[in-house]
Structures are given as structure tokens and as C-alpha cells.
file start_15.cif (mmCIF, C-alpha atoms)
data_run
#
loop_
_atom_site.label_atom_id
_atom_site.label_comp_id
_atom_site.auth_asym_id
_atom_site.auth_seq_id
_atom_site.Cartn_x
_atom_site.Cartn_y
_atom_site.Cartn_z
CA MET X 1487 -25.33 -28.75 154.98
CA GLU X 1488 -26.21 -30.43 151.75
CA LYS X 1489 -27.98 -33.73 151.68
CA TYR X 1490 -25.72 -36.77 152.14
CA LYS X 1491 -24.75 -37.93 148.68
CA GLY X 1492 -22.70 -40.94 149.65
CA PRO X 1493 -18.93 -40.82 149.70
CA SER X 1494 -17.37 -42.44 146.71
CA ILE X 1495 -13.84 -43.56 147.25
CA PRO X 1496 -13.03 -45.18 143.92
CA ARG X 1497 -12.99 -48.95 143.60
CA CYS X 1498 -11.24 -49.26 140.29
CA GLY X 1499 -9.16 -51.73 138.29
CA LEU X 1500 -7.05 -53.50 140.91
CA SER X 1501 -8.99 -56.38 142.38
CA ILE X 1502 -10.13 -56.23 145.99
CA LYS X 1503 -7.38 -58.76 146.75
CA GLY X 1504 -4.77 -56.56 145.12
CA ARG X 1505 -3.44 -54.31 147.83
CA ILE X 1506 -0.95 -51.52 147.27
CA LEU X 1507 1.80 -50.93 149.80
CA ALA X 1508 2.99 -47.32 149.69
CA VAL X 1509 6.33 -46.60 151.37
CA ASP X 1510 8.35 -43.56 152.34
CA ASP X 1511 10.89 -42.72 155.01
CA SER X 1512 10.34 -40.49 158.02
CA PRO X 1513 12.36 -37.31 158.58
CA PHE X 1514 15.68 -37.51 160.42
CA GLU X 1515 18.50 -35.18 161.39
CA ARG X 1516 21.81 -35.94 159.81
CA GLY X 1517 24.61 -36.11 162.36
CA LYS X 1518 22.17 -36.70 165.18
CA ASP X 1519 19.96 -39.63 164.23
CA ALA X 1520 21.59 -42.99 163.55
CA ASP X 1521 18.34 -44.34 162.20
CA THR X 1522 14.89 -43.42 161.02
CA PHE X 1523 11.83 -45.32 159.85
CA LEU X 1524 10.61 -46.77 156.62
CA VAL X 1525 6.85 -46.31 156.83
CA GLY X 1526 4.39 -48.49 154.93
CA ILE X 1527 0.69 -47.93 154.47
CA MET X 1528 -1.37 -50.64 152.87
CA PHE X 1529 -4.23 -49.49 150.68
CA ARG X 1530 -7.15 -51.15 148.98
CA ASP X 1531 -7.42 -48.70 146.10
CA LEU X 1532 -7.49 -45.42 148.06
CA VAL X 1533 -8.80 -46.95 151.28
CA ILE X 1534 -6.19 -47.09 154.06
CA GLU X 1535 -6.10 -50.53 155.66
CA LEU X 1536 -3.08 -50.58 157.94
CA SER X 1537 0.18 -48.87 158.77
CA MET X 1538 3.56 -50.26 159.72
CA LYS X 1539 7.16 -49.19 160.21
CA GLU X 1540 10.64 -50.70 160.04
CA ARG X 1541 13.76 -49.10 161.43
CA ILE X 1542 16.43 -48.30 158.84
CA SER X 1543 19.85 -46.79 159.43
CA VAL X 1544 20.86 -43.41 158.08
CA ASP X 1545 23.15 -43.92 155.05
CA GLY X 1546 22.99 -47.66 155.79
CA ASP X 1547 22.34 -50.70 153.60
CA ASP X 1548 19.23 -52.14 155.21
CA SER X 1549 16.36 -50.54 153.27
CA THR X 1550 16.03 -53.50 150.87
CA GLU X 1551 15.71 -55.94 153.76
CA ALA X 1552 13.31 -53.61 155.57
CA LEU X 1553 11.09 -53.51 152.51
CA ILE X 1554 11.24 -57.30 152.12
CA ARG X 1555 10.38 -57.77 155.82
CA MET X 1556 7.49 -55.37 155.37
CA VAL X 1557 5.84 -57.19 152.46
CA ARG X 1558 6.40 -60.51 154.25
CA SER X 1559 4.77 -59.25 157.44
CA PRO X 1560 1.97 -61.58 158.58
CA LYS X 1561 -0.17 -58.44 159.01
CA LEU X 1562 -0.23 -58.11 155.22
CA ARG X 1563 -1.29 -61.72 154.67
CA GLU X 1564 0.50 -61.78 151.31
CA GLU X 1565 -2.08 -59.44 149.83
CA VAL X 1566 0.26 -56.80 148.44
CA ARG X 1567 0.12 -56.84 144.67
CA VAL X 1568 2.32 -53.83 144.04
CA VAL X 1569 4.68 -51.67 146.06
CA MET X 1570 4.77 -47.95 145.37
CA SER X 1571 7.78 -46.20 146.80
CA HIS X 1572 8.72 -42.56 147.05
CA GLY X 1573 11.93 -42.91 145.07
CA THR X 1574 14.42 -45.68 145.77
CA THR X 1575 16.78 -44.02 148.25
CA PHE X 1576 15.72 -43.66 151.86
CA ALA X 1577 17.32 -42.41 155.07
CA GLY X 1578 20.00 -40.46 153.26
CA LEU X 1579 21.92 -42.90 151.07
CA ASN X 1580 20.19 -46.13 152.02
CA VAL X 1581 19.56 -47.32 148.46
CA VAL X 1582 16.93 -49.99 147.78
CA ASP X 1583 18.25 -52.78 145.56
CA VAL X 1584 15.15 -52.96 143.40
CA SER X 1585 16.15 -56.10 141.46
CA ARG X 1586 16.92 -57.95 144.66
CA PHE X 1587 13.60 -56.89 146.15
CA TYR X 1588 11.74 -58.21 143.11
CA GLU X 1589 13.77 -61.43 142.86
CA GLU X 1590 13.13 -62.26 146.50
CA THR X 1591 9.48 -61.32 146.70
CA GLY X 1592 8.05 -61.49 143.16
CA ILE X 1593 6.14 -58.28 143.92
CA PRO X 1594 6.31 -55.54 141.27
CA LEU X 1595 7.51 -52.15 142.44
CA ILE X 1596 6.88 -48.68 141.07
CA ALA X 1597 9.11 -45.89 142.37
CA VAL X 1598 7.75 -42.41 141.74
CA THR X 1599 9.29 -39.02 142.30
CA SER X 1600 8.02 -35.55 141.60
CA LYS X 1601 11.49 -34.12 140.96
CA VAL X 1602 13.62 -34.52 137.84
CA PRO X 1603 16.12 -37.30 138.60
CA THR X 1604 19.71 -36.06 138.64
CA ASN X 1605 22.98 -37.76 139.45
CA GLU X 1606 22.98 -35.96 142.79
CA ILE X 1607 22.71 -39.25 144.67
CA GLU X 1608 25.63 -40.73 142.75
CA ARG X 1609 27.73 -37.67 143.59
CA ALA X 1610 26.74 -37.87 147.26
CA ILE X 1611 27.63 -41.57 147.32
CA VAL X 1612 31.04 -40.89 145.83
CA SER X 1613 31.79 -38.00 148.14
CA ALA X 1614 30.73 -40.11 151.13
CA GLY X 1615 33.15 -42.82 149.96
CA MET X 1616 30.39 -45.43 149.67
CA ILE X 1617 31.39 -46.59 146.21
CA GLU X 1618 29.82 -50.04 146.65
CA LYS X 1619 26.38 -48.36 146.59
CA LEU X 1620 27.01 -46.97 143.10
CA GLU X 1621 26.61 -50.42 141.63
CA ILE X 1622 23.10 -50.72 143.11
CA VAL X 1623 22.06 -47.26 141.93
CA ARG X 1624 23.27 -48.03 138.41
CA ARG X 1625 21.63 -51.45 138.33
CA ASN X 1626 18.26 -50.03 139.44
CA PRO X 1627 15.84 -49.47 136.56
CA PRO X 1628 15.98 -45.96 135.06
CA TYR X 1629 13.39 -43.23 135.69
CA ASN X 1630 11.03 -42.21 132.90
CA PRO X 1631 8.95 -39.05 132.72
CA LEU X 1632 5.16 -39.32 132.78
CA ARG X 1633 2.76 -36.49 132.03
CA THR X 1634 -0.13 -36.47 134.50
CA PRO X 1635 -3.07 -34.07 134.85
CA LYS X 1636 -1.14 -32.45 137.73
CA GLY X 1637 2.26 -32.16 136.06
CA VAL X 1638 5.16 -34.39 135.10
CA CYS X 1639 6.36 -37.07 137.49
CA PHE X 1640 9.13 -39.65 137.03
CA TYR X 1641 8.84 -43.36 137.61
CA SER X 1642 11.01 -46.43 137.62
CA THR X 1643 9.51 -49.90 137.67
CA ILE X 1644 10.28 -53.57 137.93
CA GLY X 1645 7.98 -56.56 137.50
CA MET X 1646 5.53 -54.78 135.20
CA SER X 1647 5.71 -53.02 131.85
CA GLY X 1648 6.07 -49.27 131.59
CA ASP X 1649 2.55 -49.11 130.16
CA GLU X 1650 1.11 -50.97 133.14
CA ALA X 1651 3.03 -48.83 135.62
CA GLU X 1652 1.82 -45.67 133.89
CA ARG X 1653 -1.78 -46.84 134.08
CA VAL X 1654 -1.45 -47.55 137.80
CA ILE X 1655 0.15 -44.16 138.46
CA LEU X 1656 -2.41 -42.24 136.40
CA ARG X 1657 -5.28 -44.07 138.06
CA TYR X 1658 -4.24 -42.64 141.41
CA ILE X 1659 -3.31 -39.08 140.53
CA VAL X 1660 -5.78 -37.09 142.62
CA GLU X 1661 -4.28 -34.16 144.50
CA SER X 1662 -0.74 -33.98 143.19
CA LYS X 1663 1.48 -35.36 140.46
CA VAL X 1664 2.35 -38.45 142.49
CA PRO X 1665 -0.15 -41.22 143.24
CA GLU X 1666 -2.39 -40.35 146.15
CA GLN X 1667 -1.05 -43.27 148.20
CA LEU X 1668 2.45 -41.74 148.07
CA ARG X 1669 1.16 -38.27 148.91
CA ILE X 1670 -0.54 -39.75 151.97
CA VAL X 1671 2.40 -41.85 153.19
CA ASP X 1672 4.60 -38.75 152.90
CA ILE X 1673 2.27 -36.74 155.16
CA VAL X 1674 1.83 -39.55 157.63
CA SER X 1675 5.52 -40.51 157.88
CA ARG X 1676 6.21 -37.01 159.21
CA LEU X 1677 4.46 -38.02 162.42
CA LEU X 1678 7.53 -40.10 163.20
CA ALA X 1679 9.93 -37.15 163.18
CA GLY X 1680 11.66 -36.94 166.53
CA CYS X 1681 10.76 -40.52 167.44
CA ARG X 1682 13.20 -43.18 168.51
CA TYR X 1683 12.47 -46.84 168.66
CA GLN X 1684 12.89 -48.02 172.21
CA VAL X 1685 14.25 -51.55 172.37
CA GLU X 1686 12.92 -53.54 175.32
CA MET N 72 -6.38 -53.08 133.78
CA GLU N 73 -9.58 -51.16 133.20
CA LYS N 74 -9.55 -47.77 131.62
CA TYR N 75 -8.85 -44.90 134.01
CA LYS N 76 -12.19 -43.63 135.19
CA GLY N 77 -10.95 -40.77 137.35
CA PRO N 78 -10.73 -41.08 141.10
CA SER N 79 -13.53 -39.37 142.89
CA ILE N 80 -12.79 -38.49 146.45
CA PRO N 81 -15.98 -36.74 147.49
CA ARG N 82 -16.10 -32.97 147.75
CA CYS N 83 -19.27 -32.60 149.69
CA GLY N 84 -21.08 -30.16 152.01
CA LEU N 85 -18.30 -28.64 154.07
CA SER N 86 -16.73 -25.75 152.26
CA ILE N 87 -13.18 -26.00 151.00
CA LYS N 88 -12.26 -23.70 153.89
CA GLY N 89 -13.88 -26.01 156.39
CA ARG N 90 -11.24 -28.47 157.47
CA ILE N 91 -11.86 -31.37 159.82
CA LEU N 92 -9.26 -32.25 162.44
CA ALA N 93 -9.54 -35.93 163.42
CA VAL N 94 -7.79 -36.92 166.66
CA ASP N 95 -6.92 -40.13 168.45
CA ASP N 96 -4.20 -41.27 170.83
CA SER N 97 -1.35 -43.62 170.02
CA PRO N 98 -0.90 -46.94 171.82
CA PHE N 99 1.08 -47.04 175.09
CA GLU N 100 2.03 -49.58 177.72
CA ARG N 101 0.61 -48.94 181.14
CA GLY N 102 3.26 -49.09 183.84
CA LYS N 103 6.03 -48.51 181.32
CA ASP N 104 5.16 -45.40 179.32
CA ALA N 105 4.75 -42.10 181.15
CA ASP N 106 3.35 -40.50 178.06
CA THR N 107 1.98 -41.13 174.61
CA PHE N 108 0.81 -38.99 171.71
CA LEU N 109 -2.37 -37.30 170.71
CA VAL N 110 -2.34 -37.54 166.93
CA GLY N 111 -4.21 -35.12 164.68
CA ILE N 112 -4.83 -35.44 160.97
CA MET N 113 -6.35 -32.52 159.13
CA PHE N 114 -8.70 -33.38 156.31
CA ARG N 115 -10.44 -31.47 153.55
CA ASP N 116 -13.44 -33.74 153.25
CA LEU N 117 -11.67 -37.12 152.92
CA VAL N 118 -8.43 -35.68 151.57
CA ILE N 119 -5.55 -35.85 154.06
CA GLU N 120 -3.76 -32.51 154.28
CA LEU N 121 -1.37 -32.78 157.21
CA SER N 122 -0.52 -34.71 160.33
CA MET N 123 0.64 -33.58 163.74
CA LYS N 124 1.21 -34.87 167.25
CA GLU N 125 1.27 -33.57 170.80
CA ARG N 126 2.68 -35.43 173.78
CA ILE N 127 0.15 -36.24 176.51
CA SER N 128 0.78 -37.98 179.81
CA VAL N 129 -0.72 -41.33 180.67
CA ASP N 130 -3.62 -40.80 183.12
CA GLY N 131 -2.67 -37.10 183.13
CA ASP N 132 -4.70 -33.92 182.76
CA ASP N 133 -3.14 -32.39 179.67
CA SER N 134 -5.26 -33.70 176.80
CA THR N 135 -7.51 -30.61 176.74
CA GLU N 136 -4.50 -28.32 176.44
CA ALA N 137 -2.92 -30.58 173.84
CA LEU N 138 -6.06 -30.39 171.74
CA ILE N 139 -6.24 -26.61 172.13
CA ARG N 140 -2.55 -26.28 171.13
CA MET N 141 -3.24 -28.46 168.13
CA VAL N 142 -6.10 -26.40 166.71
CA ARG N 143 -4.11 -23.21 167.39
CA SER N 144 -1.06 -24.54 165.57
CA PRO N 145 0.11 -22.13 162.86
CA LYS N 146 0.26 -25.16 160.53
CA LEU N 147 -3.53 -25.27 160.61
CA ARG N 148 -3.91 -21.58 159.77
CA GLU N 149 -7.19 -21.45 161.70
CA GLU N 150 -8.90 -23.53 159.05
CA VAL N 151 -10.35 -26.23 161.29
CA ARG N 152 -14.11 -25.99 161.30
CA VAL N 153 -14.83 -29.08 163.37
CA VAL N 154 -12.85 -31.48 165.51
CA MET N 155 -13.74 -35.16 165.41
CA SER N 156 -12.31 -37.17 168.26
CA HIS N 157 -12.25 -40.87 168.97
CA GLY N 158 -14.07 -40.59 172.28
CA THR N 159 -13.12 -38.03 174.90
CA THR N 160 -10.64 -39.95 177.05
CA PHE N 161 -7.10 -40.44 175.82
CA ALA N 162 -3.90 -41.96 177.21
CA GLY N 163 -5.72 -43.97 179.85
CA LEU N 164 -7.70 -41.53 181.99
CA ASN N 165 -6.63 -38.24 180.41
CA VAL N 166 -10.13 -36.82 180.01
CA VAL N 167 -10.77 -33.98 177.56
CA ASP N 168 -12.76 -31.16 179.12
CA VAL N 169 -15.04 -30.68 176.13
CA SER N 170 -16.75 -27.50 177.39
CA ARG N 171 -13.41 -25.87 178.14
CA PHE N 172 -12.13 -26.81 174.71
CA TYR N 173 -15.15 -25.23 173.05
CA GLU N 174 -15.13 -22.13 175.27
CA GLU N 175 -11.49 -21.46 174.53
CA THR N 176 -11.49 -22.19 170.81
CA GLY N 177 -15.05 -21.75 169.55
CA ILE N 178 -14.56 -24.87 167.42
CA PRO N 179 -17.35 -27.46 167.55
CA LEU N 180 -16.33 -30.98 168.51
CA ILE N 181 -17.92 -34.33 167.74
CA ALA N 182 -16.69 -37.30 169.75
CA VAL N 183 -17.58 -40.65 168.23
CA THR N 184 -17.15 -44.16 169.54
CA SER N 185 -18.10 -47.51 168.10
CA LYS N 186 -18.69 -49.11 171.51
CA VAL N 187 -21.68 -48.66 173.77
CA PRO N 188 -20.68 -46.08 176.40
CA THR N 189 -20.57 -47.53 179.90
CA ASN N 190 -19.54 -46.08 183.24
CA GLU N 191 -16.31 -48.05 183.00
CA ILE N 192 -14.27 -44.86 182.84
CA GLU N 193 -15.99 -43.45 185.92
CA ARG N 194 -15.24 -46.68 187.80
CA ALA N 195 -11.61 -46.63 186.67
CA ILE N 196 -11.30 -42.99 187.77
CA VAL N 197 -12.71 -43.80 191.20
CA SER N 198 -10.54 -46.85 191.68
CA ALA N 199 -7.47 -44.83 190.63
CA GLY N 200 -8.39 -42.21 193.25
CA MET N 201 -8.63 -39.44 190.66
CA ILE N 202 -11.97 -38.15 191.86
CA GLU N 203 -11.40 -34.64 190.48
CA LYS N 204 -11.69 -36.11 186.95
CA LEU N 205 -15.23 -37.34 187.66
CA GLU N 206 -16.50 -33.80 187.49
CA ILE N 207 -15.15 -33.37 183.95
CA VAL N 208 -16.56 -36.70 182.76
CA ARG N 209 -19.99 -35.80 184.14
CA ARG N 210 -19.93 -32.30 182.71
CA ASN N 211 -19.04 -33.56 179.23
CA PRO N 212 -22.04 -33.83 176.89
CA PRO N 213 -23.73 -37.25 176.91
CA TYR N 214 -23.36 -39.84 174.14
CA ASN N 215 -26.29 -40.57 171.83
CA PRO N 216 -26.72 -43.59 169.59
CA LEU N 217 -26.78 -43.10 165.83
CA ARG N 218 -27.80 -45.72 163.31
CA THR N 219 -25.45 -45.72 160.31
CA PRO N 220 -25.35 -47.97 157.23
CA LYS N 221 -22.48 -49.84 158.94
CA GLY N 222 -24.05 -50.24 162.39
CA VAL N 223 -24.75 -48.13 165.45
CA CYS N 224 -22.17 -45.66 166.71
CA PHE N 225 -22.38 -43.24 169.62
CA TYR N 226 -21.61 -39.54 169.54
CA SER N 227 -21.33 -36.62 171.87
CA THR N 228 -21.15 -33.08 170.57
CA ILE N 229 -20.64 -29.47 171.55
CA GLY N 230 -21.00 -26.36 169.42
CA MET N 231 -23.48 -27.85 166.98
CA SER N 232 -26.92 -29.41 167.19
CA GLY N 233 -27.39 -33.17 167.35
CA ASP N 234 -28.94 -33.04 163.88
CA GLU N 235 -25.93 -31.26 162.42
CA ALA N 236 -23.49 -33.64 164.12
CA GLU N 237 -25.43 -36.63 162.79
CA ARG N 238 -25.30 -35.26 159.27
CA VAL N 239 -21.55 -34.77 159.49
CA ILE N 240 -21.03 -38.29 160.85
CA LEU N 241 -23.30 -39.93 158.28
CA ARG N 242 -21.65 -38.04 155.45
CA TYR N 243 -18.34 -39.71 156.27
CA ILE N 244 -19.39 -43.26 157.04
CA VAL N 245 -17.51 -45.23 154.37
CA GLU N 246 -15.74 -48.33 155.63
CA SER N 247 -16.92 -48.63 159.21
CA LYS N 248 -19.47 -47.26 161.61
CA VAL N 249 -17.25 -44.34 162.58
CA PRO N 250 -16.45 -41.46 160.21
CA GLU N 251 -13.68 -42.36 157.78
CA GLN N 252 -11.42 -39.64 159.21
CA LEU N 253 -11.50 -41.35 162.63
CA ARG N 254 -10.91 -44.79 161.13
CA ILE N 255 -7.84 -43.37 159.38
CA VAL N 256 -6.38 -41.54 162.38
CA ASP N 257 -6.79 -44.73 164.41
CA ILE N 258 -4.74 -46.73 161.87
CA VAL N 259 -2.12 -44.04 161.49
CA SER N 260 -1.69 -43.31 165.21
CA ARG N 261 -0.52 -46.92 165.66
CA LEU N 262 2.67 -45.97 163.83
CA LEU N 263 3.69 -44.13 166.98
CA ALA N 264 3.58 -47.21 169.21
CA GLY N 265 6.98 -47.69 170.80
CA CYS N 266 8.06 -44.12 170.03
CA ARG N 267 9.32 -41.63 172.56
CA TYR N 268 9.63 -37.96 172.03
CA GLN N 269 13.23 -36.95 172.43
CA VAL N 270 13.58 -33.51 173.96
CA GLU N 271 16.58 -31.59 172.65
#

call {"tool": "encode", "arguments": {"input": "start_15.cif", "output": "C-alpha cells"}}
result
Amino acid sequence: MEKYKGPSIPRCGLSIKGRILAVDDSPFERGKDADTFLVGIMFRDLVIELSMKERISVDGDDSTEALIRMVRSPKLREEVRVVMSHGTTFAGLNVVDVSRFYEETGIPLIAVTSKVPTNEIERAIVSAGMIEKLEIVRRNPPYNPLRTPKGVCFYSTIGMSGDEAERVILRYIVESKVPEQLRIVDIVSRLLAGCRYQVE
Amino acid sequence: MEKYKGPSIPRCGLSIKGRILAVDDSPFERGKDADTFLVGIMFRDLVIELSMKERISVDGDDSTEALIRMVRSPKLREEVRVVMSHGTTFAGLNVVDVSRFYEETGIPLIAVTSKVPTNEIERAIVSAGMIEKLEIVRRNPPYNPLRTPKGVCFYSTIGMSGDEAERVILRYIVESKVPEQLRIVDIVSRLLAGCRYQVE
């Protein structure tokens, strides 16, 4: 073994009071699971501080409220300065109303995806007959491409400028072309596959 | 925002092929839950690579097998070089037989705890009438104190020398007096509170 050199998790730009909440959904089986989980991990830079989950319904309309409940959780003590989400559609077609989230919480949000955005979700919404969701999808801020050292990702943001969002994303590109916090919440949310919430 | 300085998750001593599997149990309610989960997160240094879970029974005898199944999982592709566990007793009194684990897998294990070891578990085992578990507890390697920059922790190890185990632990002391991998798996395993595994 080499001599201990001291681990060096970066403590960069965002102040120590400026936590990042990274969110993603957990896997579910369509036709079998009525709900799944929105998983949140709060980070101080790249340091994991706590984890939490909210139940959301498959193809439902409750992901915006779940995200609002999450950032208002007393566990977070109002420390979240920015939310990073893995896209804006969870649990199938449960679309986050990004403007409503920002209006109600005042917390900026950056949605990041590694895949080229298509109108696949709009088509799925139409074919599922959930036309009222189209309005939310179309009102949500558009995705922009961003070249990172690991490849091109796509982001959509509210509450901060594109330049600011790009700086935050680039700061946390470590292992993949999405910010490390989103890579981690994706891995961790898989733990909840096959889980059901048991109401008392 | 400051200029991007480049995140620097440490890539230290252990070779890129030498993964660490960090394990802890998820919370359960005694008298209500018959089982809970042993959660494993595989790390390359401090980089999270994947997560997994195995069901273990409260006060049962299956934690050793669960841990063996975990390191033999095809997902891990035999890359785990050392297991770090949060103590050696999970799900109440489900004691890991450390020698058996090492004999069957050949993978060294380091158990770390932040609390001074007492004979509390032995007393609980006796008062629960599970005398056969005493033998395992007493055969497991003893805990030794280790001074870290964050305070004193206690470790027990098999398959490596005390010196080697101490170097591994010290290398990964970042935020607390237990290795960062164990701090993280503790936070993440809480996501599984209130979950039940649903058998098909």
C-alpha cells in the first residue's frame, strides 16, 4: 500500500451552506407497480449528507408535489440551494411542473439527461390519452446541449442562467457526462427496486 | 461561482481492479419486521460503482450467507478485494461468522464501528436464549482501537494484518471516524426503511 496521501473530495464554489439535492426515480414494473419512489440525496459538494424518498404514482401527477415536499422536509433544514434532477419525467409519465416547483419553493432546478431529448414523451402522453400533461411538458424549459469532458449532455434549467447551470454541471462531471450527484442517485435508487411502502 | 478547478476524487493505493464492498443493514422495527436488508455498495476508491441488497431475517442466522452471496454476485465480477462492514452483527442478532466468510470466499474483511465494543451483544444473545450464536461472536476476531484524525474507531479484521487494515481505514477517513464508504452505506441503507421485498 502507498502512504496515505489524504483523500480530497473537492470543496469548490458552492458555499458550505449551499447543498445540492439530487433526485431520480427508482425502477418499477409497468402493469404491476402502481407506484415507485422519488429518491433524493443531499450533497455538500460531492459529500453525501442524507437520503430520502417520497412515493410517487406510476404515470401519475404527483411528482411536483413530491419534489416540493422533499425540499421542504425538516431534515433538509432549508439548506438546499439547487436541485439537480435526472430529467423531468419520473415514474413513467409523471411529469414535474418545473415552473410550479420554482414558483412555490424559490429553489433553482437543473434537469440533466445523457440522452438526446426527443418528443418520445409527448408521443407517449398522447397515446396514453393524458393530453393535460402535454401542457406541462411544453411549458417546461427546453433542453440545451452541453459539451463536457465525458461527452455531450443536455440540460434544462429554471431559476438560474444557462451559464450558471453549465458551470454547476461542469464542476461536477467526474465519472460520466452527467454530474456525479446524478450518477450516484441513479445507482442508489436502484436499491429500491422491488420495494413497496408499507402503510401502518 | 469560482472557476472550475476539476473535481479530485482520490485514486489512491488500491489498484483499479481492487474494489471495496461496503455493507450495512437497513433499519427495521423489532416485533413488526421479520426481515430487513443487508445493503452493499461497491466502490472503486471513493467512487460508487453499484448498489445491491440481500434480504436477511431479524435475529436470524443468514447474514453470513447473504454476505457470501453478495460477493459472489455476477454483478461484482469477482472484483471485490476487501469487504468493509459496519460491525459484524446485523438485523438485531444476525451475527456474521467472519471466519466462515473468509474461508469460503478468500476475501479479507474489515469490520469497523464508531462505538466502544461492549459485551452488550453477548448479553442480548443470552437473554434471547440464542446460546448457539455466542460461539460465533467469541470466535470472531477481536476489535482493536484505532486513532484517526476524526476520533477513535474500533476495527476487527480477517485476511489481512492489523497494520494493513489500519492503513486501509485511515486512507478513507474523510468526514467521520469510520471509512467514508461505511458512512455512505449507512446513509443510503436508510432509504430501505419501511420497504418489504415482494416475492413474485

call {"tool": "resolve_selection", "arguments": {"input": "start_15.cif", "expression": "the PyMOL selection byres ((chain N and resi 112-126) around 7)", "output": "list of chain:residue names"}}
result
X:Ile1670, X:Ile1673, X:Val1674, X:Leu1677, N:Ile80, N:Pro81, N:Arg82, N:Cys83, N:Ile87, N:Arg90, N:Ile91, N:Leu92, N:Ala93, N:Val94, N:Asp106, N:Thr107, N:Phe108, N:Leu109, N:Val110, N:Gly111, N:Ile127, N:Ser128, N:Ala137, N:Gln252, N:Val256

call {"tool": "resolve_selection", "arguments": {"input": "start_15.cif", "expression": "the PyMOL selection byres ((chain N and resi 153) around 7)", "output": "PDB file with C-alpha atoms, keeping the file's coordinate frame"}}
result
ATOM      1  CA  ARG N  90     -11.240 -28.470 157.470  1.00  0.00           C
ATOM      2  CA  ILE N  91     -11.860 -31.370 159.820  1.00  0.00           C
ATOM      3  CA  LEU N  92      -9.260 -32.250 162.440  1.00  0.00           C
ATOM      4  CA  VAL N 151     -10.350 -26.230 161.290  1.00  0.00           C
ATOM      5  CA  ARG N 152     -14.110 -25.990 161.300  1.00  0.00           C
ATOM      6  CA  VAL N 154     -12.850 -31.480 165.510  1.00  0.00           C
ATOM      7  CA  MET N 155     -13.740 -35.160 165.410  1.00  0.00           C
ATOM      8  CA  ILE N 178     -14.560 -24.870 167.420  1.00  0.00           C
ATOM      9  CA  PRO N 179     -17.350 -27.460 167.550  1.00  0.00           C
ATOM     10  CA  LEU N 180     -16.330 -30.980 168.510  1.00  0.00           C
TER      11      LEU N 180
END

call {"tool": "atom_distance", "arguments": {"input": "start_15.cif", "atom1": "CA of Val1598 in chain X", "atom2": "CA of Val1557 in chain X"}}
result
18.4 Å

call {"tool": "atom_distance", "arguments": {"input": "start_15.cif", "atom1": "CA of Ser198 in chain N", "atom2": "CA of Phe99 in chain N"}}
result
20.3 Å

call {"tool": "residues_around", "arguments": {"input": "start_15.cif", "residues": "Ser260 in chain N", "least_positions_apart": "6", "cutoff": "8 Å", "atoms": "all atoms listed in the file", "output": "list in words"}}
result
Asp95, Asp96, Ser97, Pro98 and Val110 of chain N

call {"tool": "residues_around", "arguments": {"input": "start_15.cif", "residues": "Tyr226 in chain N", "least_positions_apart": "6", "cutoff": "9 Å", "atoms": "all atoms listed in the file", "output": "PyMOL selection string"}}
result
chain N and resi 158+181-185+213-217+233+236-237+240

call {"tool": "closest_residue", "arguments": {"input": "start_15.cif", "among": "N:Gly177, N:Pro220, N:Gly230, N:Pro188", "to": "chain X", "atoms": "all atoms listed in the file"}}
result
N:Pro220

call {"tool": "residues_around", "arguments": {"input": "start_15.cif", "residues": "Arg1624 in chain X", "least_positions_apart": "6", "cutoff": "12 Å", "atoms": "all atoms listed in the file", "output": "PDB file with C-alpha atoms, in the coordinates of the input"}}
result
ATOM      1  CA  THR X1574      14.420 -45.680 145.770  1.00  0.00           C
ATOM      2  CA  VAL X1581      19.560 -47.320 148.460  1.00  0.00           C
ATOM      3  CA  VAL X1582      16.930 -49.990 147.780  1.00  0.00           C
ATOM      4  CA  ASP X1583      18.250 -52.780 145.560  1.00  0.00           C
ATOM      5  CA  VAL X1584      15.150 -52.960 143.400  1.00  0.00           C
ATOM      6  CA  SER X1585      16.150 -56.100 141.460  1.00  0.00           C
ATOM      7  CA  ASN X1605      22.980 -37.760 139.450  1.00  0.00           C
ATOM      8  CA  ILE X1607      22.710 -39.250 144.670  1.00  0.00           C
ATOM      9  CA  GLU X1608      25.630 -40.730 142.750  1.00  0.00           C
ATOM     10  CA  ILE X1611      27.630 -41.570 147.320  1.00  0.00           C
ATOM     11  CA  ILE X1617      31.390 -46.590 146.210  1.00  0.00           C
ATOM     12  CA  GLU X1618      29.820 -50.040 146.650  1.00  0.00           C
TER      13      GLU X1618
END

call {"tool": "atom_distance", "arguments": {"input": "start_15.cif", "atom1": "CA of Pro145 in chain N", "atom2": "CA of Arg1669 in chain X"}}
result
21.4 Å

call {"tool": "closest_residue", "arguments": {"input": "start_15.cif", "among": "X:Arg1516, X:His1572, X:Arg1586, X:Arg1625", "to": "Val1544 in chain X", "atoms": "only C-alpha atoms"}}
result
X:Arg1516

call {"tool": "closest_residue", "arguments": {"input": "start_15.cif", "among": "X:Ser1549, X:Thr1604, X:Thr1634, X:Ser1642", "to": "chain N", "atoms": "only C-alpha atoms"}}
result
X:Thr1634

call {"tool": "axis_aligned_box", "arguments": {"input": "start_15.cif", "around": "range 1526-1537 of chain X", "padding_each_side": "3 Å", "output": "lines of an AutoDock Vina configuration file"}}
result
center_x = -2.2
center_y = -48.3
center_z = 152.4
size_x = 19.2
size_y = 11.7
size_z = 18.7

call {"tool": "residues_around", "arguments": {"input": "start_15.cif", "residues": "range 1661-1664 of chain X", "least_positions_apart": "2", "cutoff": "6 Å", "atoms": "only C-alpha atoms", "output": "short mmCIF file (atom, residue, chain, number, x, y, z; two decimals) with C-alpha atoms, keeping the file's coordinate frame"}}
result
data_model
loop_
_atom_site.label_atom_id
_atom_site.label_comp_id
_atom_site.auth_asym_id
_atom_site.auth_seq_id
_atom_site.Cartn_x
_atom_site.Cartn_y
_atom_site.Cartn_z
CA LYS X 1636 -1.14 -32.45 137.73
CA GLY X 1637 2.26 -32.16 136.06
CA CYS X 1639 6.36 -37.07 137.49
#

call {"tool": "resolve_selection", "arguments": {"input": "start_15.cif", "expression": "the PyMOL selection byres ((chain N and resi 164) around 7)", "output": "list in words"}}
result
Asp130, Gly131, Thr160, Phe161, Ala162, Gly163, Asn165, Val166 and Ile196 of chain N

call {"tool": "closest_residue", "arguments": {"input": "start_15.cif", "among": "N:Ile229, N:Val197, N:Val239, N:Leu253", "to": "chain X", "atoms": "all atoms listed in the file"}}
result
N:Val239

call {"tool": "closest_residue", "arguments": {"input": "start_15.cif", "among": "N:Asp104, N:Arg238, N:Ser232, N:Met201", "to": "Arg218 in chain N", "atoms": "only C-alpha atoms"}}
result
N:Arg238

call {"tool": "closest_residue", "arguments": {"input": "start_15.cif", "among": "N:Tyr243, N:Arg143, N:Pro250, N:Leu138", "to": "chain X", "atoms": "only C-alpha atoms"}}
result
N:Tyr243
